$ cat upload30.csv   # CSV, C-alpha atoms
chain,number,residue,atom,x,y,z
A,228,MET,CA,-126.0,157.7,101.2
A,229,ASP,CA,-128.5,155.0,100.7
A,230,TYR,CA,-132.0,156.6,101.1
A,231,VAL,CA,-134.0,153.5,100.2
A,232,ARG,CA,-135.4,153.4,103.8
A,233,LEU,CA,-137.1,156.7,103.2
A,234,SER,CA,-139.6,154.9,101.1
A,235,MET,CA,-142.8,156.5,102.3
A,236,PRO,CA,-144.6,158.5,99.5
A,237,VAL,CA,-143.8,162.2,99.9
A,238,GLY,CA,-147.5,163.0,99.9
A,239,GLU,CA,-148.3,160.7,102.8
A,240,THR,CA,-145.2,162.0,104.7
A,241,MET,CA,-146.3,165.6,104.4
A,242,PHE,CA,-150.0,165.1,104.9
A,243,THR,CA,-149.5,163.0,108.0
A,244,GLN,CA,-146.8,165.1,109.6
A,245,ARG,CA,-148.0,166.8,112.7
A,246,SER,CA,-146.3,168.3,115.8
A,247,ILE,CA,-145.3,165.4,118.1
A,248,ARG,CA,-144.7,166.6,121.7
A,249,ARG,CA,-145.1,163.4,123.7
A,250,PHE,CA,-142.3,160.9,123.3
A,251,ARG,CA,-141.6,157.4,124.3
A,252,PRO,CA,-138.2,157.1,126.0
A,253,ASP,CA,-136.7,154.7,123.5
A,254,PRO,CA,-133.5,156.0,122.0
A,255,ILE,CA,-133.2,156.7,118.2
A,256,PRO,CA,-130.6,154.6,116.4
A,257,MET,CA,-127.6,156.6,115.3
A,258,ASP,CA,-128.0,155.3,111.8
A,259,ASP,CA,-131.5,156.9,111.7
A,260,ILE,CA,-130.1,160.1,113.0
A,261,ARG,CA,-127.5,160.1,110.3
A,262,LEU,CA,-130.0,159.4,107.5
A,263,ILE,CA,-132.2,162.2,108.8
A,264,LEU,CA,-129.3,164.6,108.8
A,265,GLU,CA,-128.2,163.5,105.3
A,266,ALA,CA,-131.8,164.3,104.1
A,267,ALA,CA,-131.5,167.7,105.8
A,268,SER,CA,-128.3,168.6,104.0
A,269,LYS,CA,-130.0,168.2,100.6
A,270,ALA,CA,-132.4,171.1,101.1
A,271,PRO,CA,-131.8,174.3,99.1
A,272,ASN,CA,-129.6,177.0,100.7
A,273,GLY,CA,-128.4,180.4,99.6
A,274,GLY,CA,-125.6,180.2,97.0
A,275,ASN,CA,-124.7,176.7,98.3
A,276,ARG,CA,-122.7,178.4,101.0
A,277,GLN,CA,-124.0,175.7,103.5
A,278,ILE,CA,-124.1,177.8,106.6
A,279,ALA,CA,-126.4,175.4,108.5
A,280,ARG,CA,-124.9,173.3,111.4
A,281,PHE,CA,-126.7,170.7,113.4
A,282,LEU,CA,-125.9,169.8,117.0
A,283,VAL,CA,-127.3,166.4,117.9
A,284,VAL,CA,-127.9,166.1,121.7
A,285,THR,CA,-128.3,162.5,123.0
A,286,ASP,CA,-126.4,162.8,126.4
A,287,ARG,CA,-129.0,162.5,129.1
A,288,ALA,CA,-127.4,165.0,131.5
A,289,LEU,CA,-127.2,167.6,128.7
A,290,ILE,CA,-130.8,167.1,127.7
A,291,ARG,CA,-131.9,167.6,131.3
A,292,GLU,CA,-130.0,170.9,131.5
A,293,PHE,CA,-131.3,171.9,128.1
A,294,GLY,CA,-134.8,171.0,129.3
A,295,ALA,CA,-134.5,173.4,132.2
A,296,LEU,CA,-133.5,176.2,129.9
A,297,TYR,CA,-136.3,175.4,127.5
A,298,HIS,CA,-138.9,175.4,130.3
A,299,GLU,CA,-137.6,178.8,131.4
A,300,ALA,CA,-137.6,180.2,127.8
A,301,TRP,CA,-141.1,178.8,127.1
A,302,TRP,CA,-142.6,180.6,130.1
A,303,ALA,CA,-140.7,183.8,129.4
A,304,LYS,CA,-142.4,183.9,126.0
A,305,ARG,CA,-145.8,183.4,127.6
A,306,TRP,CA,-145.1,186.2,130.0
A,307,ASP,CA,-144.1,188.5,127.1
A,308,GLU,CA,-147.2,187.6,125.1
A,309,ARG,CA,-149.9,187.2,127.7
A,310,ARG,CA,-148.5,187.7,131.2
A,311,TRP,CA,-149.0,184.0,131.9
A,312,THR,CA,-146.8,182.4,134.6
A,313,LYS,CA,-148.3,179.0,135.3
A,314,LEU,CA,-150.5,176.3,133.8
A,315,GLU,CA,-153.6,177.6,135.5
A,316,ASP,CA,-153.3,180.8,133.5
A,317,ILE,CA,-153.9,179.0,130.2
A,318,PRO,CA,-157.6,178.7,129.3
A,319,PRO,CA,-158.6,175.0,129.3
A,320,GLU,CA,-159.9,175.3,125.8
A,321,ASP,CA,-156.6,176.5,124.5
A,322,LYS,CA,-155.4,173.0,123.7
A,323,SER,CA,-152.5,174.1,121.6
A,324,TYR,CA,-150.9,176.1,124.4
A,325,ARG,CA,-151.7,173.3,126.9
A,326,ALA,CA,-149.9,170.8,124.7
A,327,ALA,CA,-146.9,173.1,124.3
A,328,ALA,CA,-146.8,173.7,128.1
A,329,GLU,CA,-146.6,169.9,128.5
A,330,LEU,CA,-143.6,169.8,126.2
A,331,ALA,CA,-142.0,172.5,128.2
A,332,ASP,CA,-142.2,170.1,131.2
A,333,GLU,CA,-141.1,167.0,129.2
A,334,MET,CA,-138.3,168.4,126.9
A,335,LYS,CA,-135.8,167.2,129.6
A,336,ASP,CA,-136.9,163.6,128.9
A,337,ALA,CA,-136.8,163.7,125.0
A,338,PRO,CA,-134.6,160.9,123.6
A,339,CYS,CA,-132.8,163.3,121.3
A,340,VAL,CA,-132.8,167.0,120.6
A,341,VAL,CA,-131.3,168.4,117.4
A,342,LEU,CA,-130.3,172.1,117.5
A,343,ALA,CA,-130.4,173.9,114.2
A,344,LEU,CA,-127.7,176.6,114.0
A,345,ALA,CA,-126.0,178.8,111.4
A,346,VAL,CA,-122.5,180.1,111.1
A,347,PRO,CA,-122.0,183.7,109.9
A,348,PRO,CA,-123.4,185.3,107.9
A,349,GLY,CA,-126.3,183.2,109.0
A,350,GLY,CA,-129.9,183.5,107.7
A,351,ALA,CA,-133.0,181.5,108.4
A,352,ASN,CA,-133.6,181.1,104.6
A,353,SER,CA,-130.6,178.7,104.5
A,354,VAL,CA,-131.4,176.7,107.7
A,355,ILE,CA,-135.1,176.2,107.9
A,356,PRO,CA,-135.6,174.3,104.6
A,357,ALA,CA,-133.1,171.7,106.0
A,358,CYS,CA,-135.1,171.5,109.2
A,359,GLN,CA,-138.2,170.6,107.3
A,360,ASN,CA,-136.4,167.9,105.4
A,361,LEU,CA,-135.1,166.7,108.7
A,362,MET,CA,-138.6,166.5,110.2
A,363,LEU,CA,-140.1,164.8,107.1
A,364,ALA,CA,-137.3,162.2,107.0
A,365,ALA,CA,-137.9,161.6,110.7
A,366,ARG,CA,-141.6,161.2,110.2
A,367,ALA,CA,-141.0,158.7,107.3
A,368,LEU,CA,-139.0,156.6,109.9
A,369,GLY,CA,-141.8,156.8,112.4
A,370,ILE,CA,-140.0,159.4,114.5
A,371,GLY,CA,-141.9,162.4,115.8
A,372,SER,CA,-140.7,166.0,116.0
A,373,VAL,CA,-141.7,169.6,116.6
A,374,PRO,CA,-139.8,172.8,115.8
A,375,THR,CA,-139.4,174.9,118.9
A,376,THR,CA,-137.6,178.2,119.7
A,377,LEU,CA,-135.9,179.7,122.8
A,378,HIS,CA,-136.0,183.2,124.4
A,379,ALA,CA,-133.3,186.0,124.6
A,380,LYS,CA,-133.0,185.6,128.4
A,381,VAL,CA,-131.6,182.0,128.1
A,382,MET,CA,-129.4,182.5,125.0
A,383,ASP,CA,-126.0,183.1,126.8
A,384,ARG,CA,-126.5,180.1,129.0
A,385,PHE,CA,-127.6,178.1,125.9
A,386,HIS,CA,-124.4,178.9,124.0
A,387,THR,CA,-122.3,178.1,127.0
A,388,LEU,CA,-124.0,174.8,127.7
A,389,PHE,CA,-123.0,173.4,124.3
A,390,GLY,CA,-119.9,175.4,123.6
A,391,ILE,CA,-121.5,177.2,120.7
A,392,PRO,CA,-119.6,180.2,119.4
A,393,LYS,CA,-121.3,183.6,120.1
A,394,ASP,CA,-121.5,184.5,116.4
A,395,THR,CA,-123.3,181.2,115.6
A,396,SER,CA,-127.1,181.8,115.4
A,397,PHE,CA,-129.8,179.6,116.8
A,398,HIS,CA,-132.9,178.7,114.7
A,399,PHE,CA,-134.7,175.7,116.0
A,400,ALA,CA,-134.5,173.1,118.8
A,401,ILE,CA,-136.2,170.0,117.4
A,402,PRO,CA,-136.9,167.1,119.9
A,403,LEU,CA,-137.0,163.7,118.3
A,404,GLY,CA,-138.7,160.6,119.6
A,405,TYR,CA,-141.1,157.8,118.9
A,406,PRO,CA,-144.6,159.2,119.6
A,407,ARG,CA,-146.8,158.4,122.5
A,408,GLY,CA,-150.0,158.6,120.4
A,409,ALA,CA,-150.3,158.6,116.7
A,410,PHE,CA,-149.3,160.6,113.7
A,411,GLY,CA,-152.2,161.9,111.6
A,412,GLY,CA,-153.3,165.1,109.9
A,413,SER,CA,-153.1,168.6,111.1
A,414,ARG,CA,-155.9,171.2,111.1
A,415,ARG,CA,-155.3,173.9,108.6
A,416,LEU,CA,-157.3,176.7,107.0
A,417,PRO,CA,-158.5,175.8,103.5
A,418,THR,CA,-155.8,176.9,100.9
A,419,SER,CA,-158.5,179.0,99.2
A,420,ALA,CA,-158.3,181.3,102.3
A,421,THR,CA,-154.5,181.5,102.3
A,422,THR,CA,-153.7,181.6,98.6
A,423,PHE,CA,-154.2,184.4,96.1
A,424,VAL,CA,-153.8,184.4,92.3
A,425,ASN,CA,-152.0,187.2,90.5
A,426,ARG,CA,-153.1,189.9,93.0
A,427,TRP,CA,-153.4,190.1,96.8
A,428,GLY,CA,-157.1,189.4,97.7
A,429,THR,CA,-158.0,187.5,94.5
A,430,ALA,CA,-159.0,184.0,95.6
A,431,PRO,CA,-158.1,180.9,93.5
A,432,ALA,CA,-160.6,179.2,91.2
A,433,TRP,CA,-160.8,176.2,93.7
A,434,THR,CA,-162.6,178.3,96.3
B,166,MET,CA,-157.3,166.6,99.4
B,167,ASP,CA,-156.2,163.5,97.5
B,168,TYR,CA,-152.5,163.3,97.7
B,169,VAL,CA,-152.0,159.9,96.0
B,170,ARG,CA,-150.3,161.7,93.0
B,171,LEU,CA,-147.5,162.6,95.4
B,172,SER,CA,-146.3,159.0,95.3
B,173,MET,CA,-142.6,159.5,94.8
B,174,PRO,CA,-140.7,158.1,97.9
B,175,VAL,CA,-139.8,161.0,100.2
B,176,GLY,CA,-136.1,160.0,100.1
B,177,GLU,CA,-135.9,160.1,96.3
B,178,THR,CA,-137.8,163.4,96.4
B,179,MET,CA,-135.3,165.0,98.8
B,180,PHE,CA,-132.1,163.5,97.5
B,181,THR,CA,-132.9,164.5,93.9
B,182,GLN,CA,-134.2,168.0,94.6
B,183,ARG,CA,-131.9,170.6,93.2
B,184,SER,CA,-132.3,174.2,92.3
B,185,ILE,CA,-133.8,174.4,88.8
B,186,ARG,CA,-133.3,177.8,87.2
B,187,ARG,CA,-134.0,177.0,83.5
B,188,PHE,CA,-137.6,176.3,82.6
B,189,ARG,CA,-139.5,175.1,79.6
B,190,PRO,CA,-142.4,177.5,78.8
B,191,ASP,CA,-145.1,174.9,79.3
B,192,PRO,CA,-147.7,176.1,81.8
B,193,ILE,CA,-148.4,174.2,85.0
B,194,PRO,CA,-151.9,172.8,85.4
B,195,MET,CA,-153.8,174.6,88.1
B,196,ASP,CA,-154.7,171.2,89.7
B,197,ASP,CA,-150.9,170.7,90.3
B,198,ILE,CA,-150.5,174.2,91.7
B,199,ARG,CA,-153.4,173.5,94.1
B,200,LEU,CA,-151.9,170.2,95.2
B,201,ILE,CA,-148.5,171.8,95.8
B,202,LEU,CA,-150.1,174.5,97.9
B,203,GLU,CA,-152.1,172.0,99.9
B,204,ALA,CA,-148.8,170.2,100.7
B,205,ALA,CA,-147.3,173.5,101.7
B,206,SER,CA,-150.1,174.2,104.2
B,207,LYS,CA,-149.3,171.0,106.1
B,208,ALA,CA,-145.9,172.1,107.2
B,209,PRO,CA,-145.4,173.0,110.9
B,210,ASN,CA,-146.0,176.7,111.9
B,211,GLY,CA,-145.8,178.5,115.2
B,212,GLY,CA,-148.9,177.9,117.4
B,213,ASN,CA,-150.9,177.0,114.3
B,214,ARG,CA,-151.5,180.7,113.8
B,215,GLN,CA,-151.0,180.1,110.0
B,216,ILE,CA,-149.6,183.4,109.1
B,217,ALA,CA,-148.2,182.2,105.7
B,218,ARG,CA,-149.8,183.5,102.5
B,219,PHE,CA,-149.0,182.4,98.9
B,220,LEU,CA,-149.6,184.6,95.9
B,221,VAL,CA,-149.5,182.5,92.7
B,222,VAL,CA,-148.5,184.5,89.7
B,223,THR,CA,-149.4,183.1,86.3
B,224,ASP,CA,-150.3,186.3,84.4
B,225,ARG,CA,-147.7,186.8,81.7
B,226,ALA,CA,-147.6,190.6,81.9
B,227,LEU,CA,-147.3,190.5,85.7
B,228,ILE,CA,-144.4,187.9,85.5
B,229,ARG,CA,-142.6,190.2,83.0
B,230,GLU,CA,-142.9,193.1,85.4
B,231,PHE,CA,-141.8,191.0,88.3
B,232,GLY,CA,-138.9,189.7,86.2
B,233,ALA,CA,-137.7,193.3,85.7
B,234,LEU,CA,-137.8,193.9,89.5
B,235,TYR,CA,-136.1,190.6,90.2
B,236,HIS,CA,-133.3,191.4,87.7
B,237,GLU,CA,-132.8,194.8,89.4
B,238,ALA,CA,-132.8,193.2,92.9
B,239,TRP,CA,-130.4,190.4,91.9
B,240,TRP,CA,-127.8,192.9,90.6
B,241,ALA,CA,-128.3,195.2,93.6
B,242,LYS,CA,-127.3,192.3,95.9
B,243,ARG,CA,-124.2,191.6,93.7
B,244,TRP,CA,-123.3,195.3,94.0
B,245,ASP,CA,-123.7,195.2,97.8
B,246,GLU,CA,-121.6,192.0,98.1
B,247,ARG,CA,-118.9,192.3,95.5
B,248,ARG,CA,-119.4,195.6,93.5
B,249,TRP,CA,-120.4,193.5,90.5
B,250,THR,CA,-122.5,195.3,87.9
B,251,LYS,CA,-122.5,193.0,84.8
B,252,LEU,CA,-122.0,189.4,83.7
B,253,GLU,CA,-118.3,190.0,82.8
B,254,ASP,CA,-117.6,190.8,86.4
B,255,ILE,CA,-118.4,187.3,87.5
B,256,PRO,CA,-115.4,184.9,87.4
B,257,PRO,CA,-116.1,182.2,84.7
B,258,GLU,CA,-115.4,179.5,87.2
B,259,ASP,CA,-118.1,180.8,89.6
B,260,LYS,CA,-120.8,178.6,88.0
B,261,SER,CA,-123.2,179.1,90.9
B,262,TYR,CA,-123.4,182.9,90.4
B,263,ARG,CA,-123.4,182.5,86.6
B,264,ALA,CA,-126.4,180.2,86.8
B,265,ALA,CA,-128.1,182.6,89.2
B,266,ALA,CA,-127.4,185.5,86.8
B,267,GLU,CA,-129.0,183.6,84.0
B,268,LEU,CA,-132.1,183.2,86.2
B,269,ALA,CA,-132.1,187.0,86.8
B,270,ASP,CA,-132.4,187.3,83.0
B,271,GLU,CA,-135.0,184.5,82.6
B,272,MET,CA,-137.3,185.1,85.6
B,273,LYS,CA,-139.6,187.1,83.3
B,274,ASP,CA,-140.3,184.0,81.3
B,275,ALA,CA,-141.0,181.6,84.2
B,276,PRO,CA,-144.4,179.8,83.7
B,277,CYS,CA,-145.4,180.6,87.3
B,278,VAL,CA,-143.9,182.4,90.3
B,279,VAL,CA,-145.2,181.7,93.8
B,280,LEU,CA,-144.6,184.5,96.3
B,281,ALA,CA,-144.3,183.4,99.9
B,282,LEU,CA,-145.5,186.0,102.3
B,283,ALA,CA,-146.6,186.4,105.9
B,284,VAL,CA,-149.3,188.5,107.6
B,285,PRO,CA,-148.4,190.1,110.9
B,286,PRO,CA,-146.7,189.3,113.2
B,287,GLY,CA,-144.8,187.4,110.5
B,288,GLY,CA,-141.8,185.2,111.0
B,289,ALA,CA,-139.7,183.1,108.7
B,290,ASN,CA,-140.1,180.1,111.1
B,291,SER,CA,-143.7,179.8,110.1
B,292,VAL,CA,-143.4,180.3,106.3
B,293,ILE,CA,-140.2,178.6,105.2
B,294,PRO,CA,-141.1,175.0,106.2
B,295,ALA,CA,-144.2,175.4,104.0
B,296,CYS,CA,-141.9,176.6,101.1
B,297,GLN,CA,-139.8,173.5,101.4
B,298,ASN,CA,-143.0,171.3,101.3
B,299,LEU,CA,-144.1,173.3,98.3
B,300,MET,CA,-140.8,172.7,96.4
B,301,LEU,CA,-140.7,169.0,97.4
B,302,ALA,CA,-144.3,168.5,96.2
B,303,ALA,CA,-143.4,170.3,92.9
B,304,ARG,CA,-140.3,168.1,92.4
B,305,ALA,CA,-142.5,164.9,93.0
B,306,LEU,CA,-144.7,166.2,90.1
B,307,GLY,CA,-141.6,166.8,87.9
B,308,ILE,CA,-141.8,170.6,88.4
B,309,GLY,CA,-138.6,172.4,89.2
B,310,SER,CA,-138.1,175.4,91.5
B,311,VAL,CA,-135.6,177.5,93.4
B,312,PRO,CA,-136.1,179.8,96.4
B,313,THR,CA,-135.0,183.3,95.6
B,314,THR,CA,-135.1,186.7,97.4
B,315,LEU,CA,-135.4,190.4,96.5
B,316,HIS,CA,-133.6,193.5,97.7
B,317,ALA,CA,-134.7,196.5,99.8
B,318,LYS,CA,-134.5,198.9,96.8
B,319,VAL,CA,-137.4,197.1,95.0
B,320,MET,CA,-139.7,196.3,97.9
B,321,ASP,CA,-142.1,199.3,97.6
B,322,ARG,CA,-142.6,198.6,93.9
B,323,PHE,CA,-143.0,194.9,94.6
B,324,HIS,CA,-145.8,195.5,97.1
B,325,THR,CA,-147.5,197.9,94.8
B,326,LEU,CA,-147.3,195.6,91.7
B,327,PHE,CA,-149.3,192.9,93.5
B,328,GLY,CA,-151.3,195.0,95.9
B,329,ILE,CA,-149.6,193.5,98.9
B,330,PRO,CA,-150.3,195.3,102.1
B,331,LYS,CA,-147.3,197.1,103.6
B,332,ASP,CA,-147.4,195.1,106.8
B,333,THR,CA,-147.2,191.8,105.0
B,334,SER,CA,-143.6,190.5,104.8
B,335,PHE,CA,-142.0,188.9,101.8
B,336,HIS,CA,-139.9,185.7,102.3
B,337,PHE,CA,-139.3,183.9,99.0
B,338,ALA,CA,-140.2,184.2,95.3
B,339,ILE,CA,-140.2,180.7,93.9
B,340,PRO,CA,-140.4,180.3,90.1
B,341,LEU,CA,-142.0,177.0,89.1
B,342,GLY,CA,-141.6,175.2,85.7
B,343,TYR,CA,-140.7,172.0,84.0
B,344,PRO,CA,-136.9,171.9,83.8
B,345,ARG,CA,-134.7,172.3,80.8
B,346,GLY,CA,-132.2,169.7,81.8
B,347,ALA,CA,-132.6,167.1,84.5
B,348,PHE,CA,-133.1,166.8,88.2
B,349,GLY,CA,-130.4,165.0,90.1
B,350,GLY,CA,-128.4,165.4,93.2
B,351,SER,CA,-126.8,168.5,94.8
B,352,ARG,CA,-123.2,168.9,95.9
B,353,ARG,CA,-123.0,169.2,99.7
B,354,LEU,CA,-120.4,169.0,102.4
B,355,PRO,CA,-120.3,165.6,104.1
B,356,THR,CA,-122.7,165.7,107.1
B,357,SER,CA,-119.7,164.7,109.3
B,358,ALA,CA,-118.4,168.2,108.7
B,359,THR,CA,-121.7,170.0,109.4
B,360,THR,CA,-123.0,167.9,112.4
B,361,PHE,CA,-121.7,167.9,115.9
B,362,VAL,CA,-122.7,165.5,118.8
B,363,ASN,CA,-123.5,166.8,122.2
B,364,ARG,CA,-120.9,169.6,122.0
B,365,TRP,CA,-119.9,172.1,119.3
B,366,GLY,CA,-116.8,170.8,117.6
B,367,THR,CA,-117.4,167.1,118.4
B,368,ALA,CA,-117.8,165.2,115.2
B,369,PRO,CA,-120.2,162.3,114.9
B,370,ALA,CA,-119.1,158.7,114.9
B,371,TRP,CA,-119.8,158.4,111.1
B,372,THR,CA,-116.8,160.6,110.3
$ encode --input "upload30.csv" --output "structure tokens"
Amino acid sequence: MDYVRLSMPVGETMFTQRSIRRFRPDPIPMDDIRLILEAASKAPNGGNRQIARFLVVTDRALIREFGALYHEAWWAKRWDERRWTKLEDIPPEDKSYRAAAELADEMKDAPCVVLALAVPPGGANSVIPACQNLMLAARALGIGSVPTTLHAKVMDRFHTLFGIPKDTSFHFAIPLGYPRGAFGGSRRLPTSATTFVNRWGTAPAWT
Amino acid sequence: MDYVRLSMPVGETMFTQRSIRRFRPDPIPMDDIRLILEAASKAPNGGNRQIARFLVVTDRALIREFGALYHEAWWAKRWDERRWTKLEDIPPEDKSYRAAAELADEMKDAPCVVLALAVPPGGANSVIPACQNLMLAARALGIGSVPTTLHAKVMDRFHTLFGIPKDTSFHFAIPLGYPRGAFGGSRRLPTSATTFVNRWGTAPAWT
């Protein structure tokens, strides 16, 4: 596979990745989807057993049905966590949840959704590194993404909708699309607060 | 953080990453470790709750003690899977396990080991994307790595060795070092065999 189009410096790619939840309707060229998936396949995985599988959803009717399941799952998680049932329950200052609620409404209109799955014996350790490669490659092509999850109450219908075998595990649903709005940095704690040296609690010298 | 040194194209970085298990003894500059960890912090994580923590181990005595635990854990996993107890049990053609067995011997000599952990409520989804950023940033600086795991039988001693709280979960131990040998591609199934379009079992057009 010719990866010359993934020419963005890896630093710029990582430091300007952020969760994109608002997409323009333009479709993503299948050549780009292929390149993104080739990049995903190169990530480390346990024993090179290659249990990760990716289901690329571009069919509009399927994405609409998936969007309805995603909306139900998103609000089921909010009920579990906070007993929230509607947008008015989310504090206005909680911009992260507000943006995520907007995605729950808009998932049905995403140009493409990639489902990250694993065949038995499964294991997030061998799927999620590939998902990060996938999202970085997308970002290098100007395509936004965000890793999302579902909820137990929709999983049977989710498996049925796409004909996914019962023993195949779900890890992430990643909508892909050209962003409405811009890429740009993410807000993070300083690494001196999340990194220790040699012993838990010992801050690094760069504090 | 100035990420200009991470100038390798993201495509080259991902397509030439491979598991490095044989390291030269040269130490890794702390500035490089910091840059690698800054890159890790930029990966997506659930709700930006930032539960990932990284413990950077450079102390030689601690790495030797960790290496002994790692060796015990590696062979405990082989016993669980295959009832293997020694190198002679591994078929000579099984190069992947042979290389991993060699790492089990050599972990104690790694120049640096990064432990990827998570504070409650934990969750691999919010730690492993950061680990992949960490390994890609390392590769862009010429530093090799491989994600490894432990085994239940050593976890209490592991937590005690580094003073890690009981409620903090372990995800990966990632040795870092300059490779003996070269980077270069990994062998993977064609993406046409691991990707489906719109429905499980439907191969993509690039088959």
$ interface_residues --input "upload30.csv" --of "chain A" --to "chain B" --cutoff "7 Å" --atoms "all atoms listed in the file" --output "count of residues only"
44
$ residues_around --input "upload30.csv" --residues "B:Ile308" --least-positions-apart "5" --cutoff "9 Å" --atoms "all atoms listed in the file" --output "PyMOL selection string"
chain B and resi 185+193+300+302-303+341-344
$ residues_around --input "upload30.csv" --residues "A:Met334" --least-positions-apart "3" --cutoff "8 Å" --atoms "all atoms listed in the file" --output "PyMOL selection string"
chain A and resi 290-291+293-294+297-298+330-331+337+402
$ atom_distance --input "upload30.csv" --atom1 "atom CA of B:Ile198" --atom2 "atom CA of A:Ala409"
29.5 Å
$ atom_distance --input "upload30.csv" --atom1 "atom CA of A:Arg384" --atom2 "atom CA of A:Asp332"
18.7 Å
$ closest_residue --input "upload30.csv" --among "B:Lys273, B:Arg248, B:Arg304, B:Arg186" --to "B:Gly346" --atoms "all atoms listed in the file"
B:Arg186
$ atom_distance --input "upload30.csv" --atom1 "atom CA of B:Leu252" --atom2 "atom CA of B:Arg187"
17.3 Å
